Amino acid sequence: MDIRALIAAERQELADVWDGLPDASWDAPTLCAGWRVREVVAHMSLGFRYSLARVARELLAARGSLHRMTDRCARRDAAVLTPRELAEALRTHAHHPWKPPVGGFVGALGHDVIHGLDVTVALGLDRRVPEDRLSVLLESVRPRTVRFFGAALDGVALRADDRDWTYGTGAPLTGSAQDLLLVAYGRRLPPGRLRGERSDRFTLS
């Protein structure tokens, strides 16, 4: 399996989705708390648009806080780049070798897929992540993944209802595999997407 090809395909397909969004959608909220669609999409291409030297300067200005840096950069870039420019940044850099600080190319695929779902799920778009990309990410879910993204999965067993995949032990939490992947990455989902006695814990109020 060519992980780089999967990454490129995901970026190109998401760029097409972004190009098709109506203007009003760019200011809609996403699953990333506090970020609208335009901030999420701006963040997705930060690693392509910023040199390592600029990232270092931004991190220094944020007093070493990666979260503070990415939030400030996303808000600033979203304010100056048009939706077309934001979509094109992803398409143009589909084959860019960027990787996050941890996770290698699987982490890069996860970055694109999860942030894509942050937008499409919040907007109610019925985009299904292709099986090959989803399989790579489901197989990479480990306790350290869950800890890194702050997912509180203690006492919960994730059980996909559309494929043979489970993770964890405890009270069953059932949903589609891609929705459960979002849960493993610390997201809360819109009502009605998850089932189980503890589903409220992972559902937006």
# chains A, B, ... in the order shown; residues from 1 in each chain; ligands from 1
call {"tool": "residues_around", "arguments": {"residues": "Ala8 (chain A)", "least_positions_apart": "5", "cutoff": "12 Å", "atoms": "only C-alpha atoms", "output": "mmCIF file with N, CA, C and O atoms, in the first residue's frame"}}
result
data_model
loop_
_atom_site.group_PDB
_atom_site.id
_atom_site.type_symbol
_atom_site.label_atom_id
_atom_site.label_comp_id
_atom_site.auth_asym_id
_atom_site.auth_seq_id
_atom_site.Cartn_x
_atom_site.Cartn_y
_atom_site.Cartn_z
ATOM 1 N N ASP A 2 0.619 2.158 -0.906
ATOM 2 C CA ASP A 2 1.378 3.398 -1.014
ATOM 3 C C ASP A 2 0.679 4.479 -0.198
ATOM 4 O O ASP A 2 -0.277 5.101 -0.653
ATOM 5 N N ILE A 3 1.172 4.695 1.021
ATOM 6 C CA ILE A 3 0.542 5.653 1.921
ATOM 7 C C ILE A 3 0.575 7.066 1.336
ATOM 8 O O ILE A 3 -0.371 7.850 1.495
ATOM 9 N N GLU A 13 -9.404 15.047 -3.168
ATOM 10 C CA GLU A 13 -10.853 14.890 -3.038
ATOM 11 C C GLU A 13 -11.444 15.927 -2.090
ATOM 12 O O GLU A 13 -12.521 16.480 -2.342
ATOM 13 N N LEU A 14 -10.745 16.203 -0.999
ATOM 14 C CA LEU A 14 -11.241 17.216 -0.067
ATOM 15 C C LEU A 14 -11.210 18.602 -0.706
ATOM 16 O O LEU A 14 -12.123 19.416 -0.486
ATOM 17 N N ALA A 15 -10.190 18.884 -1.500
ATOM 18 C CA ALA A 15 -10.145 20.173 -2.191
ATOM 19 C C ALA A 15 -11.365 20.340 -3.094
ATOM 20 O O ALA A 15 -11.936 21.436 -3.187
ATOM 21 N N LEU A 90 -4.592 23.073 -0.651
ATOM 22 C CA LEU A 90 -4.609 21.636 -0.398
ATOM 23 C C LEU A 90 -4.389 20.863 -1.694
ATOM 24 O O LEU A 90 -3.618 19.901 -1.730
ATOM 25 N N ARG A 91 -5.049 21.280 -2.755
ATOM 26 C CA ARG A 91 -4.933 20.584 -4.038
ATOM 27 C C ARG A 91 -3.500 20.690 -4.588
ATOM 28 O O ARG A 91 -2.917 19.698 -5.037
ATOM 29 N N THR A 92 -2.951 21.881 -4.571
ATOM 30 C CA THR A 92 -1.618 22.111 -5.127
ATOM 31 C C THR A 92 -0.552 21.300 -4.395
ATOM 32 O O THR A 92 0.438 20.883 -5.001
ATOM 33 N N HIS A 93 -0.768 21.092 -3.106
ATOM 34 C CA HIS A 93 0.227 20.383 -2.292
ATOM 35 C C HIS A 93 -0.195 18.951 -1.973
ATOM 36 O O HIS A 93 0.214 18.389 -0.955
ATOM 37 N N ALA A 94 -0.970 18.359 -2.847
ATOM 38 C CA ALA A 94 -1.453 16.999 -2.596
ATOM 39 C C ALA A 94 -0.305 16.021 -2.379
ATOM 40 O O ALA A 94 -0.420 15.082 -1.585
ATOM 41 N N HIS A 95 0.805 16.232 -3.053
ATOM 42 C CA HIS A 95 1.939 15.307 -2.946
ATOM 43 C C HIS A 95 3.050 15.845 -2.040
ATOM 44 O O HIS A 95 4.161 15.303 -2.034
ATOM 45 N N HIS A 96 2.751 16.872 -1.284
ATOM 46 C CA HIS A 96 3.762 17.454 -0.393
ATOM 47 C C HIS A 96 4.154 16.432 0.682
ATOM 48 O O HIS A 96 3.298 15.753 1.250
ATOM 49 N N PRO A 97 5.453 16.309 0.991
ATOM 50 C CA PRO A 97 5.906 15.292 1.961
ATOM 51 C C PRO A 97 5.759 15.690 3.422
ATOM 52 O O PRO A 97 6.363 15.068 4.296
ATOM 53 N N TRP A 98 4.950 16.708 3.718
ATOM 54 C CA TRP A 98 4.790 17.137 5.118
ATOM 55 C C TRP A 98 4.307 15.995 5.999
ATOM 56 O O TRP A 98 3.467 15.178 5.604
ATOM 57 N N PHE A 105 3.900 9.345 8.057
ATOM 58 C CA PHE A 105 2.929 9.542 6.991
ATOM 59 C C PHE A 105 1.532 9.049 7.382
ATOM 60 O O PHE A 105 0.531 9.561 6.877
ATOM 61 N N ALA A 108 0.124 11.955 8.925
ATOM 62 C CA ALA A 108 -0.280 12.944 7.924
ATOM 63 C C ALA A 108 -1.631 12.576 7.319
ATOM 64 O O ALA A 108 -2.488 13.443 7.114
ATOM 65 N N LEU A 109 -1.831 11.289 7.028
ATOM 66 C CA LEU A 109 -3.126 10.844 6.511
ATOM 67 C C LEU A 109 -4.221 11.105 7.541
ATOM 68 O O LEU A 109 -5.306 11.592 7.205
ATOM 69 N N ASP A 112 -5.293 14.782 7.657
ATOM 70 C CA ASP A 112 -6.188 15.166 6.568
ATOM 71 C C ASP A 112 -7.582 14.570 6.740
ATOM 72 O O ASP A 112 -8.598 15.262 6.579
ATOM 73 N N VAL A 113 -7.629 13.278 7.045
ATOM 74 C CA VAL A 113 -8.931 12.594 7.150
ATOM 75 C C VAL A 113 -9.750 13.173 8.303
ATOM 76 O O VAL A 113 -10.939 13.483 8.146
ATOM 77 N N ARG A 133 -8.128 4.072 3.053
ATOM 78 C CA ARG A 133 -7.611 5.106 3.965
ATOM 79 C C ARG A 133 -8.134 4.891 5.381
ATOM 80 O O ARG A 133 -7.396 5.023 6.358
#
call {"tool": "select_by_dssp", "arguments": {"residues": "region 17-122 of chain A", "states": "helix (DSSP H, G or I)", "output": "PyMOL selection string"}}
result
chain A and resi 17-19+23-27+37-44+46-49+52-61+66-80+83-92+104-122
call {"tool": "atom_distance", "arguments": {"atom1": "CA of Ser51 (chain A)", "atom2": "CA of Gly186 (chain A)"}}
result
28.4 Å
call {"tool": "residues_around", "arguments": {"residues": "region 16-27 of chain A", "least_positions_apart": "5", "cutoff": "6 Å", "atoms": "only C-alpha atoms", "output": "ChimeraX atom specification"}}
result
/A:36-38,87
call {"tool": "write_last_selection", "arguments": {"atoms": "N, CA and C atoms", "output": "PDB file, in the first residue's frame"}}
result
ATOM      1  N   ARG A  36     -14.300  27.719  12.760  1.00  0.00           N
ATOM      2  CA  ARG A  36     -15.230  27.576  11.655  1.00  0.00           C
ATOM      3  C   ARG A  36     -14.578  26.744  10.547  1.00  0.00           C
ATOM      4  N   VAL A  37     -15.329  26.501   9.491  1.00  0.00           N
ATOM      5  CA  VAL A  37     -14.787  25.727   8.376  1.00  0.00           C
ATOM      6  C   VAL A  37     -13.513  26.385   7.853  1.00  0.00           C
ATOM      7  N   ARG A  38     -13.505  27.701   7.717  1.00  0.00           N
ATOM      8  CA  ARG A  38     -12.339  28.366   7.135  1.00  0.00           C
ATOM      9  C   ARG A  38     -11.091  28.214   8.000  1.00  0.00           C
ATOM     10  N   ALA A  87      -8.802  26.110  -0.632  1.00  0.00           N
ATOM     11  CA  ALA A  87      -8.986  24.823  -1.299  1.00  0.00           C
ATOM     12  C   ALA A  87      -7.805  24.515  -2.205  1.00  0.00           C
TER      13      ALA A  87
END
call {"tool": "closest_residue", "arguments": {"among": "A:Leu194, A:Val129, A:Ala78, A:Val102", "to": "Phe149 (chain A)", "atoms": "only C-alpha atoms"}}
result
A:Val102
call {"tool": "residues_around", "arguments": {"residues": "Ser199 (chain A)", "least_positions_apart": "3", "cutoff": "10 Å", "atoms": "only C-alpha atoms", "output": "PyMOL selection string"}}
result
chain A and resi 156+171-175+188-189+191-196+202-203
call {"tool": "select_by_dssp", "arguments": {"residues": "chain A", "states": "strand (DSSP E or B)", "output": "ChimeraX atom specification"}}
result
/A:29,36,156-160,166-167,171-175,189,195,203
call {"tool": "atom_distance", "arguments": {"atom1": "CA of Ala42 (chain A)", "atom2": "CA of Asp126 (chain A)"}}
result
21.8 Å
call {"tool": "atom_distance", "arguments": {"atom1": "CA of Asp200 (chain A)", "atom2": "CA of Val121 (chain A)"}}
result
17.2 Å
call {"tool": "residues_around", "arguments": {"residues": "Pro101 (chain A)", "least_positions_apart": "6", "cutoff": "12 Å", "atoms": "only C-alpha atoms", "output": "compact mmCIF listing (two decimals) with C-alpha atoms, in the first residue's frame"}}
result
# COMPACT_ATOMS: atom_id res chain seq x y z
CA GLY A 47 2.50 22.71 7.00
CA LEU A 52 10.32 25.36 9.07
CA VAL A 55 7.04 27.65 12.09
CA LEU A 66 1.85 24.38 19.72
CA GLY A 107 -0.12 10.72 11.02
CA ALA A 108 -0.28 12.94 7.92
CA HIS A 111 -4.47 14.81 9.94
CA PHE A 148 -2.41 12.17 22.55
